[in-house]
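K.L.:
Quick one, work.csv (CSV, C-alpha atoms and all ligand atoms):
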```csv
chain,number,residue,atom,x,y,z
A,1,MET,CA,109.8,96.4,82.6
A,2,TYR,CA,110.9,92.9,83.6
A,3,ASN,CA,114.3,92.2,85.0
A,4,SER,CA,115.9,90.1,82.2
A,5,VAL,CA,118.5,87.6,83.5
A,6,VAL,CA,119.2,85.5,80.4
A,7,ASP,CA,117.7,86.3,77.0
A,8,ASP,CA,117.8,84.4,73.8
A,9,MET,CA,115.1,84.5,71.1
A,10,ARG,CA,115.6,80.9,70.2
A,11,LYS,CA,114.9,79.5,73.6
A,12,ASN,CA,111.8,78.9,75.6
A,13,LYS,CA,110.9,81.7,78.0
A,14,VAL,CA,109.8,81.5,81.6
A,15,LEU,CA,108.6,84.3,83.8
A,16,ILE,CA,109.3,84.2,87.5
A,17,VAL,CA,106.7,86.0,89.6
A,18,TYR,CA,108.2,86.6,93.1
A,19,THR,CA,105.8,87.2,95.9
A,20,GLY,CA,107.9,86.5,99.0
A,21,GLY,CA,108.0,83.6,101.5
A,22,THR,CA,110.8,81.9,103.3
A,23,ILE,CA,112.7,81.3,100.0
A,24,GLY,CA,113.8,85.0,99.8
A,25,MET,CA,113.8,85.8,103.5
A,26,VAL,CA,116.6,87.1,105.7
A,27,GLN,CA,117.0,87.3,109.5
A,28,ASP,CA,116.3,90.6,111.2
A,29,GLU,CA,118.1,91.9,114.3
A,30,SER,CA,115.9,89.7,116.6
A,31,GLY,CA,116.5,86.6,114.5
A,32,SER,CA,113.0,86.4,113.0
A,33,LEU,CA,112.7,85.8,109.2
A,34,LYS,CA,111.3,88.6,107.1
A,35,PRO,CA,110.9,89.0,103.3
A,36,PHE,CA,113.7,90.4,101.3
A,37,ALA,CA,114.1,91.7,97.7
A,38,LEU,CA,114.4,89.3,94.8
A,39,ASP,CA,117.8,90.3,93.3
A,40,SER,CA,119.6,88.0,95.7
A,41,ILE,CA,117.9,84.9,94.2
A,42,TYR,CA,120.2,85.1,91.2
A,43,ASP,CA,123.2,85.3,93.3
A,44,ALA,CA,121.9,82.4,95.4
A,45,VAL,CA,121.2,80.3,92.3
A,46,PRO,CA,124.0,81.0,89.9
A,47,GLN,CA,123.3,77.8,88.0
A,48,LEU,CA,120.3,79.6,86.5
A,49,ARG,CA,122.6,81.5,84.2
A,50,ALA,CA,123.6,78.3,82.5
A,51,CYS,CA,120.1,76.9,81.7
A,52,ASP,CA,118.9,76.6,78.1
A,53,TYR,CA,115.8,78.7,78.5
A,54,ALA,CA,115.4,82.5,79.0
A,55,ILE,CA,114.2,83.7,82.3
A,56,ASP,CA,112.7,87.0,83.2
A,57,SER,CA,111.4,88.0,86.6
A,58,VAL,CA,108.9,90.4,88.1
A,59,THR,CA,108.3,91.1,91.8
A,60,LEU,CA,104.9,92.0,93.4
A,61,ASP,CA,104.7,95.6,94.6
A,62,GLU,CA,104.7,94.2,98.2
A,63,ILE,CA,106.9,91.2,99.1
A,64,ILE,CA,105.1,89.3,101.8
A,65,ASP,CA,105.1,86.4,104.2
A,66,SER,CA,102.3,84.4,102.6
A,67,SER,CA,100.3,84.7,105.9
A,68,ASN,CA,99.4,88.1,104.6
A,69,MET,CA,98.2,86.8,101.2
A,70,THR,CA,94.8,88.1,100.1
A,71,PRO,CA,92.4,87.6,97.1
A,72,LYS,CA,93.4,91.0,95.9
A,73,MET,CA,97.0,89.7,95.6
A,74,TRP,CA,95.7,86.6,93.8
A,75,VAL,CA,94.3,89.0,91.2
A,76,SER,CA,97.7,90.8,91.0
A,77,ILE,CA,99.6,87.6,90.4
A,78,ALA,CA,97.0,86.4,87.8
A,79,SER,CA,97.1,89.8,86.1
A,80,ILE,CA,100.9,89.7,85.7
A,81,ILE,CA,100.6,86.2,84.2
A,82,GLU,CA,97.7,87.2,82.0
A,83,HIS,CA,99.5,90.2,80.5
A,84,ALA,CA,102.7,88.2,79.9
A,85,TYR,CA,100.8,85.1,78.7
A,86,ASP,CA,101.6,85.2,75.0
A,87,GLU,CA,105.2,86.2,75.5
A,88,TYR,CA,106.2,83.3,77.8
A,89,ASP,CA,106.0,79.5,77.6
A,90,GLY,CA,105.6,79.0,81.3
A,91,PHE,CA,105.4,80.7,84.7
A,92,VAL,CA,107.0,80.1,88.1
A,93,VAL,CA,105.5,81.7,91.1
A,94,LEU,CA,107.8,82.0,94.2
A,95,HIS,CA,105.5,82.0,97.1
A,96,GLY,CA,105.5,81.3,100.9
A,97,THR,CA,104.5,77.8,101.7
A,98,ASP,CA,101.9,78.7,104.4
A,99,THR,CA,99.2,79.7,102.0
A,100,MET,CA,100.6,78.4,98.7
A,101,ALA,CA,97.9,75.7,98.4
A,102,TYR,CA,95.2,78.5,98.7
A,103,THR,CA,96.8,80.7,96.0
A,104,ALA,CA,97.5,77.8,93.7
A,105,SER,CA,93.9,76.7,94.1
A,106,ALA,CA,92.6,80.2,93.5
A,107,LEU,CA,94.6,80.6,90.3
A,108,SER,CA,93.5,77.3,89.0
A,109,PHE,CA,89.9,78.5,89.1
A,110,MET,CA,90.8,81.9,87.7
A,111,PHE,CA,92.5,80.5,84.6
A,112,LYS,CA,90.0,78.8,82.4
A,113,ASN,CA,91.5,77.0,79.3
A,114,LEU,CA,95.0,77.4,80.6
A,115,ALA,CA,97.5,76.0,78.0
A,116,LYS,CA,100.8,76.8,79.8
A,117,PRO,CA,102.3,75.7,83.1
A,118,ILE,CA,102.0,77.9,86.1
A,119,VAL,CA,104.3,76.3,88.7
A,120,PHE,CA,104.3,77.5,92.3
A,121,THR,CA,107.3,76.8,94.5
A,122,GLY,CA,109.1,78.0,97.6
A,123,SER,CA,111.2,76.5,100.3
A,124,GLN,CA,111.4,75.6,104.0
A,125,LEU,CA,114.9,77.2,104.3
A,126,PRO,CA,115.8,80.6,102.8
A,127,LEU,CA,118.0,80.5,99.7
A,128,SER,CA,120.8,82.1,101.7
A,129,ALA,CA,120.9,79.1,104.0
A,130,LEU,CA,123.6,76.5,103.3
A,131,ARG,CA,121.2,73.6,103.2
A,132,SER,CA,118.4,75.5,101.5
A,133,ASP,CA,115.9,73.3,99.6
A,134,GLY,CA,115.0,76.4,97.6
A,135,ARG,CA,117.7,76.0,94.9
A,136,GLU,CA,116.5,72.6,93.9
A,137,ASN,CA,112.9,73.6,94.0
A,138,ILE,CA,113.4,76.7,91.8
A,139,ILE,CA,115.5,74.9,89.3
A,140,CYS,CA,113.0,72.0,88.9
A,141,ALA,CA,110.0,74.3,88.8
A,142,LEU,CA,111.8,76.3,86.0
A,143,GLU,CA,112.6,73.1,84.1
A,144,ILE,CA,109.0,72.0,84.2
A,145,ALA,CA,107.7,75.5,83.2
A,146,ALA,CA,110.2,75.6,80.3
A,147,ALA,CA,109.8,72.0,79.2
A,148,ARG,CA,109.1,71.4,75.5
A,149,GLN,CA,108.5,67.7,75.5
A,150,VAL,CA,105.7,67.6,78.1
A,151,VAL,CA,103.7,70.8,78.6
A,152,VAL,CA,101.6,70.7,81.8
A,153,PRO,CA,98.7,73.0,81.2
A,154,GLU,CA,97.9,73.4,84.8
A,155,VAL,CA,98.5,75.4,88.0
A,156,CYS,CA,100.8,73.1,90.0
A,157,ILE,CA,103.0,73.1,93.0
A,158,PHE,CA,106.5,71.7,92.8
A,159,PHE,CA,108.1,70.8,96.1
A,160,GLU,CA,110.8,68.4,97.2
A,161,ASN,CA,110.9,66.2,94.1
A,162,ARG,CA,107.2,66.1,93.3
A,163,LEU,CA,104.9,68.1,91.0
A,164,TYR,CA,101.4,68.2,92.4
A,165,ARG,CA,98.1,69.6,91.0
A,166,GLY,CA,97.8,72.9,92.8
A,167,ASN,CA,94.1,72.5,93.8
A,168,ARG,CA,94.8,69.0,95.2
A,169,SER,CA,97.7,70.1,97.4
A,170,THR,CA,97.9,70.8,101.1
A,171,LYS,CA,100.8,71.9,103.3
A,172,VAL,CA,101.3,69.0,105.7
A,173,ASN,CA,104.6,69.7,107.4
A,174,ALA,CA,106.1,72.8,108.9
A,175,GLU,CA,109.6,71.4,109.3
A,176,ASN,CA,110.4,68.7,106.7
A,177,PHE,CA,111.4,69.5,103.2
A,178,ASP,CA,108.5,67.5,101.8
A,179,ALA,CA,106.0,70.0,103.1
A,180,PHE,CA,103.2,69.3,100.6
A,181,ALA,CA,101.0,66.3,99.9
A,182,SER,CA,98.2,65.5,97.5
A,183,TYR,CA,96.2,62.7,99.2
A,184,ASN,CA,93.4,62.3,96.7
A,185,TYR,CA,95.3,62.6,93.4
A,186,PRO,CA,98.7,61.2,92.5
A,187,SER,CA,101.6,63.6,91.8
A,188,LEU,CA,102.0,64.7,88.1
A,189,ALA,CA,105.7,64.3,87.9
A,190,LYS,CA,108.7,63.2,90.0
A,191,ALA,CA,112.2,64.6,89.8
A,192,GLY,CA,115.1,62.2,90.1
A,193,ILE,CA,118.0,62.1,87.8
A,194,GLY,CA,115.5,63.2,85.2
A,195,ILE,CA,112.0,64.6,85.6
A,196,SER,CA,109.4,61.9,84.8
A,197,PHE,CA,105.9,63.1,84.0
A,198,LYS,CA,102.8,61.0,84.3
A,199,GLU,CA,101.2,62.5,81.3
A,200,ARG,CA,97.9,60.5,81.6
A,201,LEU,CA,97.3,62.3,84.9
A,202,VAL,CA,97.7,65.8,83.5
A,203,LEU,CA,94.7,67.8,82.3
A,204,PRO,CA,94.2,67.8,78.6
A,205,MET,CA,95.4,70.7,76.5
A,206,PRO,CA,92.4,73.1,76.0
A,207,THR,CA,91.1,73.8,72.6
A,208,GLU,CA,89.5,77.2,73.4
A,209,ALA,CA,91.0,80.6,74.3
A,210,LEU,CA,92.2,81.5,77.8
A,211,GLN,CA,89.7,83.3,80.1
A,212,VAL,CA,90.8,84.9,83.3
A,213,ARG,CA,88.3,85.4,86.1
A,214,LYS,CA,89.2,88.0,88.7
A,215,LYS,CA,86.2,88.5,90.9
A,216,PHE,CA,86.1,87.0,94.4
A,217,ASP,CA,83.4,87.2,97.0
A,218,THR,CA,85.2,86.8,100.4
A,219,ARG,CA,82.0,86.7,102.4
A,220,VAL,CA,82.5,83.0,103.2
A,221,ALA,CA,83.4,81.1,106.3
A,222,VAL,CA,84.6,77.7,107.5
A,223,LEU,CA,82.7,75.9,110.3
A,224,LYS,CA,84.9,73.2,111.7
A,225,LEU,CA,82.9,70.7,113.7
A,226,PHE,CA,84.2,69.1,116.9
A,227,PRO,CA,82.5,67.1,119.6
A,228,GLY,CA,80.8,69.5,121.9
A,229,ILE,CA,80.4,72.4,119.4
A,230,GLY,CA,77.7,74.6,120.8
A,231,LYS,CA,74.6,76.3,119.3
A,232,GLU,CA,76.1,79.7,120.0
A,233,VAL,CA,79.2,79.0,118.0
A,234,VAL,CA,77.3,77.6,115.1
A,235,GLY,CA,74.9,80.5,115.3
A,236,ALA,CA,77.6,83.1,115.5
A,237,VAL,CA,79.3,81.7,112.3
A,238,LEU,CA,76.1,81.3,110.3
A,239,GLY,CA,74.8,84.6,111.6
A,240,ALA,CA,77.8,86.6,110.4
A,241,LYS,CA,76.7,89.7,108.6
A,242,ASP,CA,76.3,89.2,104.9
A,243,LEU,CA,77.7,85.7,104.9
A,244,GLN,CA,77.1,84.1,101.5
A,245,GLY,CA,78.6,80.7,101.8
A,246,VAL,CA,80.0,78.4,104.4
A,247,VAL,CA,82.2,75.3,104.2
A,248,VAL,CA,81.3,72.9,107.0
A,249,GLU,CA,84.3,70.7,107.8
A,250,THR,CA,82.6,67.4,108.8
A,251,TYR,CA,83.8,64.1,110.1
A,252,GLY,CA,84.8,61.0,108.0
A,253,SER,CA,82.8,60.6,104.9
A,254,GLY,CA,80.8,63.8,105.5
A,255,ASN,CA,79.0,63.2,108.7
A,256,ALA,CA,77.8,65.7,111.3
A,257,PRO,CA,75.6,65.8,114.4
A,258,THR,CA,72.0,64.9,113.7
A,259,GLU,CA,70.8,67.0,116.6
A,260,ALA,CA,67.7,69.0,115.6
A,261,TRP,CA,69.2,72.4,116.5
A,262,PHE,CA,72.2,71.9,114.3
A,263,ILE,CA,70.2,70.8,111.2
A,264,ALA,CA,67.7,73.6,111.9
A,265,ALA,CA,70.5,76.2,112.0
A,266,LEU,CA,71.9,75.0,108.6
A,267,GLU,CA,68.4,74.8,107.1
A,268,GLU,CA,67.5,78.3,108.1
A,269,ALA,CA,70.8,79.6,106.6
A,270,ILE,CA,70.1,77.7,103.3
A,271,LYS,CA,66.6,79.1,103.2
A,272,LYS,CA,68.0,82.6,103.5
A,273,GLY,CA,70.1,81.9,100.4
A,274,MET,CA,73.4,80.9,102.0
A,275,ILE,CA,75.4,78.2,100.2
A,276,VAL,CA,76.6,75.4,102.5
A,277,MET,CA,79.2,72.9,101.4
A,278,ASN,CA,80.2,69.7,103.1
A,279,VAL,CA,84.0,69.0,103.1
A,280,THR,CA,85.6,66.3,105.2
A,281,GLN,CA,88.2,66.9,107.9
A,282,CYS,CA,90.0,63.8,106.8
A,283,LYS,CA,93.1,64.4,104.7
A,284,ALA,CA,92.2,61.6,102.3
A,285,GLY,CA,89.0,60.2,101.0
A,286,ALA,CA,85.7,61.8,100.1
A,287,VAL,CA,82.4,63.1,101.4
A,288,LYS,CA,79.7,60.6,100.5
A,289,MET,CA,76.3,62.1,101.3
A,290,ARG,CA,73.8,59.5,102.6
A,291,GLN,CA,76.4,56.8,103.2
A,292,TYR,CA,75.6,57.2,106.9
A,293,ALA,CA,72.4,58.4,108.4
A,294,ALA,CA,74.5,61.2,109.9
A,295,SER,CA,74.6,63.0,106.5
A,296,CYS,CA,71.1,62.3,105.3
A,297,ASP,CA,69.6,65.4,106.9
A,298,MET,CA,72.2,67.6,105.4
A,299,ASP,CA,71.5,66.1,101.9
A,300,ARG,CA,67.8,66.6,102.4
A,301,ILE,CA,68.1,70.3,103.3
A,302,GLY,CA,70.4,71.1,100.4
A,303,VAL,CA,73.9,71.0,101.7
A,304,ILE,CA,76.3,70.4,98.7
A,305,GLY,CA,78.7,67.5,98.9
A,306,GLY,CA,82.3,68.5,98.3
A,307,GLY,CA,83.5,65.0,97.3
A,308,ASP,CA,87.3,64.7,97.8
A,309,ILE,CA,88.1,68.4,97.4
A,310,THR,CA,90.7,70.0,99.8
A,311,ILE,CA,89.5,72.7,102.2
A,312,GLU,CA,91.9,75.2,100.4
A,313,ALA,CA,90.3,74.4,97.0
A,314,ALA,CA,86.8,74.5,98.4
A,315,ILE,CA,87.2,78.0,99.9
A,316,ALA,CA,88.9,79.4,96.7
A,317,LYS,CA,86.3,77.8,94.5
A,318,MET,CA,83.4,79.1,96.6
A,319,MET,CA,84.8,82.6,96.6
A,320,CYS,CA,85.5,82.5,92.9
A,321,LEU,CA,82.0,81.2,91.9
A,322,LEU,CA,80.2,83.6,94.2
A,323,GLY,CA,82.3,86.4,92.7
A,324,GLU,CA,81.6,85.3,89.1
A,325,TYR,CA,77.9,84.6,89.5
A,326,PRO,CA,76.6,86.9,92.2
A,327,ASP,CA,73.0,86.7,91.1
A,328,ASP,CA,72.8,83.1,90.3
A,329,LYS,CA,73.1,81.0,93.5
A,330,GLU,CA,71.7,77.9,91.8
A,331,HIS,CA,74.5,78.0,89.2
A,332,VAL,CA,77.1,78.4,92.0
A,333,LYS,CA,75.6,75.3,93.7
A,334,LEU,CA,75.7,73.3,90.5
A,335,ARG,CA,79.3,74.2,89.7
A,336,LEU,CA,80.4,73.6,93.3
A,337,GLY,CA,79.3,70.0,92.9
A,338,GLN,CA,81.2,69.5,89.7
A,339,SER,CA,84.9,69.3,89.0
A,340,LEU,CA,86.0,72.4,87.1
A,341,ARG,CA,89.8,72.0,87.1
A,342,GLY,CA,90.4,68.5,88.2
A,343,GLU,CA,89.9,69.5,91.9
A,344,MET,CA,87.5,66.7,92.5
A,345,SER,CA,87.5,63.0,91.4
A,401,LIG,N1,105.8,82.0,106.6
A,401,LIG,C1,106.4,81.6,105.3
A,401,LIG,C2,105.4,82.0,104.3
A,401,LIG,O1,104.4,81.3,104.0
A,401,LIG,C3,106.6,80.2,105.3
A,401,LIG,C4,107.3,79.7,104.0
A,401,LIG,O2,107.5,80.4,103.1
A,401,LIG,O3,107.7,78.5,104.0
A,401,LIG,O4,105.5,83.1,103.7
```
Could you spell out this file's structure in structure tokens?
P.N.:
Amino acid sequence: MYNSVVDDMRKNKVLIVYTGGTIGMVQDESGSLKPFALDSIYDAVPQLRACDYAIDSVTLDEIIDSSNMTPKMWVSIASIIEHAYDEYDGFVVLHGTDTMAYTASALSFMFKNLAKPIVFTGSQLPLSALRSDGRENIICALEIAAARQVVVPEVCIFFENRLYRGNRSTKVNAENFDAFASYNYPSLAKAGIGISFKERLVLPMPTEALQVRKKFDTRVAVLKLFPGIGKEVVGAVLGAKDLQGVVVETYGSGNAPTEAWFIAALEEAIKKGMIVMNVTQCKAGAVKMRQYAASCDMDRIGVIGGGDITIEAAIAKMMCLLGEYPDDKEHVKLRLGQSLRGEMS
């Protein structure tokens, strides 16, 4: 069923899951980049035939620009890995950079007790381009997924020399090769002449069996604050039909307007059963509820502090917990405030 490129029973085995993204794109008649089939990757990276691990590959039914990624596709990617889990030593997911941090975050919450590496990578230039960053990214991601000396039992992103924890990563640049950053947690490895791992930063190897969670509740929203935000806008977001949870993107260390109408709107939503989480707009640093008077009211009415979580991880975590515990909002709130997969300090 999988396209076998190199096979040798004595070697470690890695499965590539190809989802699309710039890495495999070609230009259409108008010059725009659009997704293309996987086969060309092996022609574009002939070095892969010489590596000392076996590689198989599988392509999602639909190859997409990652702007079209959905939770349903998160489940498809996770299911492929789950079914192949015992057969392979590691997994590489080729994914568009635009929503890679969301998918990597989502998979980190889906895989409990993960004991093998799942390494996401992609590129800023298609593999077919002369100066493509894709070749180096794929080769390093494969080396990490196949490594015997250091096994990273995490969902990660490898990009431009660095291995990051997936649920700590954010796309920060639309043009440079170093498109990702992890501001609140150091990188897990750096690729130079060799790949040097910072083992003490990697999550411990689990002792229990893998569990894969596949239910997501997408009835969530992000409410980004800005000076001048109006009652109607806040009301429209919080009043969205069936909304179950909202991430409020606040200022600095988790501050928001203290105006009575704003706090009342949040309080009313919480009383109706909505989950409200406070995540800072800052790229680095954490929400510290009650550090300023401007977050005391939110703490009083039951807004949950998101600590130093990224917005991508907060959304994926909220969807995953709401999907997993649809009838236990108190449990969802409790888990949102705790680090489940190293996503919060
Ligand atoms: N639009 C592309 C995607 O996310 C960008 C990329 O892959 O870098 O699929």
K.L.:
Please write out the residues within 9 Å of ligand LIG 401 (chain A) as a PyMOL selection string, counting only C-alpha atoms and all ligand atoms.
P.N.:
chain A and resi 19-25+33-35+64-69+95-100+122-126+174+179
K.L.:
Hey, which bits of segment 86-136 of chain A sit within 7 Å of segment 303-312 of chain A, and for each residue what's the closest pair of atoms and how far apart in Å (one decimal), counting all atoms listed in the file, rows by chain and increasing number, as a Markdown table?
P.N.:
```
| residue | atom | partner | partner_atom | distance |
| --- | --- | --- | --- | --- |
| A:Ala101 | CA | A:Glu312 | CA | 6.3 |
| A:Tyr102 | CA | A:Glu312 | CA | 5.0 |
| A:Ser105 | CA | A:Glu312 | CA | 6.8 |
```
K.L.:
To one decimal place in Å, what is the distance between atom CA of Cys51 of chain A and atom CA of Tyr85 of chain A?
P.N.:
21.2 Å
K.L.:
For Phe109 of chain A, which residue among A:Gln211, A:Thr121, A:Gln291, A:Ser169 is the nearest when counting only C-alpha atoms?
P.N.:
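The shortest atom-to-atom distance to Phe109 of chain A comes from A:Gln211.
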K.L.:
Report the distance between atom CA of Glu175 of chain A and atom CA of Ala141 of chain A in Å, rounded to one decimal place.
P.N.:
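It comes out at 20.7 Å.
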K.L.:
Can you list, as a PyMOL selection string, every protein, DNA or RNA residue that comes within 10 Å of Asp242 of chain A when you count all atoms listed in the file, leaving out same-chain residues fewer than 5 positions away?
P.N.:
chain A and resi 219-220+274
K.L.:
From the options A:Ser57, A:Gly254, A:Phe91, A:Leu322, which residue's atoms come nearest to Cys296 of chain A, counting all atoms listed in the file?
P.N.:
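Ranking A:Ser57, A:Gly254, A:Phe91, A:Leu322 by distance to Cys296 of chain A, first place goes to A:Gly254.
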K.L.:
Just want the 8 Å neighbourhood of Met205 of chain A, counted on only C-alpha atoms, with same-chain residues fewer than 2 positions away dropped. Output as a list in words.
P.N.:
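So the residues in contact are Asn113, Leu114, Ala115, Pro153, Leu203 and Thr207 of chain A.
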K.L.:
Dump C-alpha atoms for the selected residues as an mmCIF file, keeping the file's coordinate frame?
P.N.:
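What ended up in again.cif:
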```cif
data_model
loop_
_atom_site.group_PDB
_atom_site.id
_atom_site.type_symbol
_atom_site.label_atom_id
_atom_site.label_comp_id
_atom_site.auth_asym_id
_atom_site.auth_seq_id
_atom_site.Cartn_x
_atom_site.Cartn_y
_atom_site.Cartn_z
ATOM 1 C CA ASN A 113 91.500 77.000 79.300
ATOM 2 C CA LEU A 114 95.000 77.400 80.600
ATOM 3 C CA ALA A 115 97.500 76.000 78.000
ATOM 4 C CA PRO A 153 98.700 73.000 81.200
ATOM 5 C CA LEU A 203 94.700 67.800 82.300
ATOM 6 C CA THR A 207 91.100 73.800 72.600
#
```
K.L.:
Counting all atoms listed in the file, which residue out of A:Leu340, A:Ile301, A:Met277, A:Phe177 sits closest to Arg131 of chain A?
P.N.:
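Closest candidate: A:Phe177.
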K.L.:
Which residue gives the smallest distance to Ala78 of chain A among A:Lys215, A:Asp299, A:Ile139, A:Glu208, with all atoms listed in the file counted?
P.N.:
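Smallest separation from Ala78 of chain A among the options: A:Lys215.
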K.L.:
Counting only C-alpha atoms, which of A:Phe159, A:Phe120, A:Tyr292, A:Trp261 gets nearest to Thr103 of chain A?
P.N.:
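Closest to Thr103 of chain A, using only C-alpha atoms: A:Phe120.
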K.L.:
Identify which of the residues A:Met319, A:Val247, A:Ala265, A:Leu48 lies closest to Glu143 of chain A, counting only C-alpha atoms when measuring atom-to-atom distances.
P.N.:
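Closest to Glu143 of chain A, using only C-alpha atoms: A:Leu48.
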K.L.:
Find the distance between atom CA of Leu60 of chain A and atom CA of Ile195 of chain A and write it in Å to one decimal.
P.N.:
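So the two atoms, atom CA of Leu60 of chain A and atom CA of Ile195 of chain A, lie 29.4 Å apart.
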K.L.:
Which residues come within 6 Å of Lys13 of chain A, counting all atoms listed in the file, excluding same-chain residues fewer than 3 positions away, as a ChimeraX atom specification?
P.N.:
/A:53-55,88-89
K.L.:
Write out as a short mmCIF file (atom, residue, chain, number, x, y, z; two decimals) with C-alpha atoms, in the coordinates of the input the residues lying within 10 Å of Met298 of chain A, counting all atoms listed in the file and excluding same-chain residues fewer than 4 positions away.
P.N.:
```cif
data_model
loop_
_atom_site.label_atom_id
_atom_site.label_comp_id
_atom_site.auth_asym_id
_atom_site.auth_seq_id
_atom_site.Cartn_x
_atom_site.Cartn_y
_atom_site.Cartn_z
CA GLY A 254 80.80 63.80 105.50
CA ASN A 255 79.00 63.20 108.70
CA ALA A 256 77.80 65.70 111.30
CA PRO A 257 75.60 65.80 114.40
CA THR A 258 72.00 64.90 113.70
CA PHE A 262 72.20 71.90 114.30
CA ILE A 263 70.20 70.80 111.20
CA ALA A 264 67.70 73.60 111.90
CA LEU A 266 71.90 75.00 108.60
CA GLU A 267 68.40 74.80 107.10
CA VAL A 276 76.60 75.40 102.50
CA MET A 277 79.20 72.90 101.40
CA ASN A 278 80.20 69.70 103.10
CA MET A 289 76.30 62.10 101.30
CA ARG A 290 73.80 59.50 102.60
CA ALA A 293 72.40 58.40 108.40
CA ALA A 294 74.50 61.20 109.90
CA GLY A 302 70.40 71.10 100.40
CA VAL A 303 73.90 71.00 101.70
CA ILE A 304 76.30 70.40 98.70
CA GLY A 305 78.70 67.50 98.90
#
```
K.L.:
Mind checking which residues fall within 9 Å of His331 of chain A, counting only C-alpha atoms, ignoring those fewer than 5 positions away in the same chain, and posting them as a PyMOL selection string?
P.N.:
chain A and resi 321+325+336
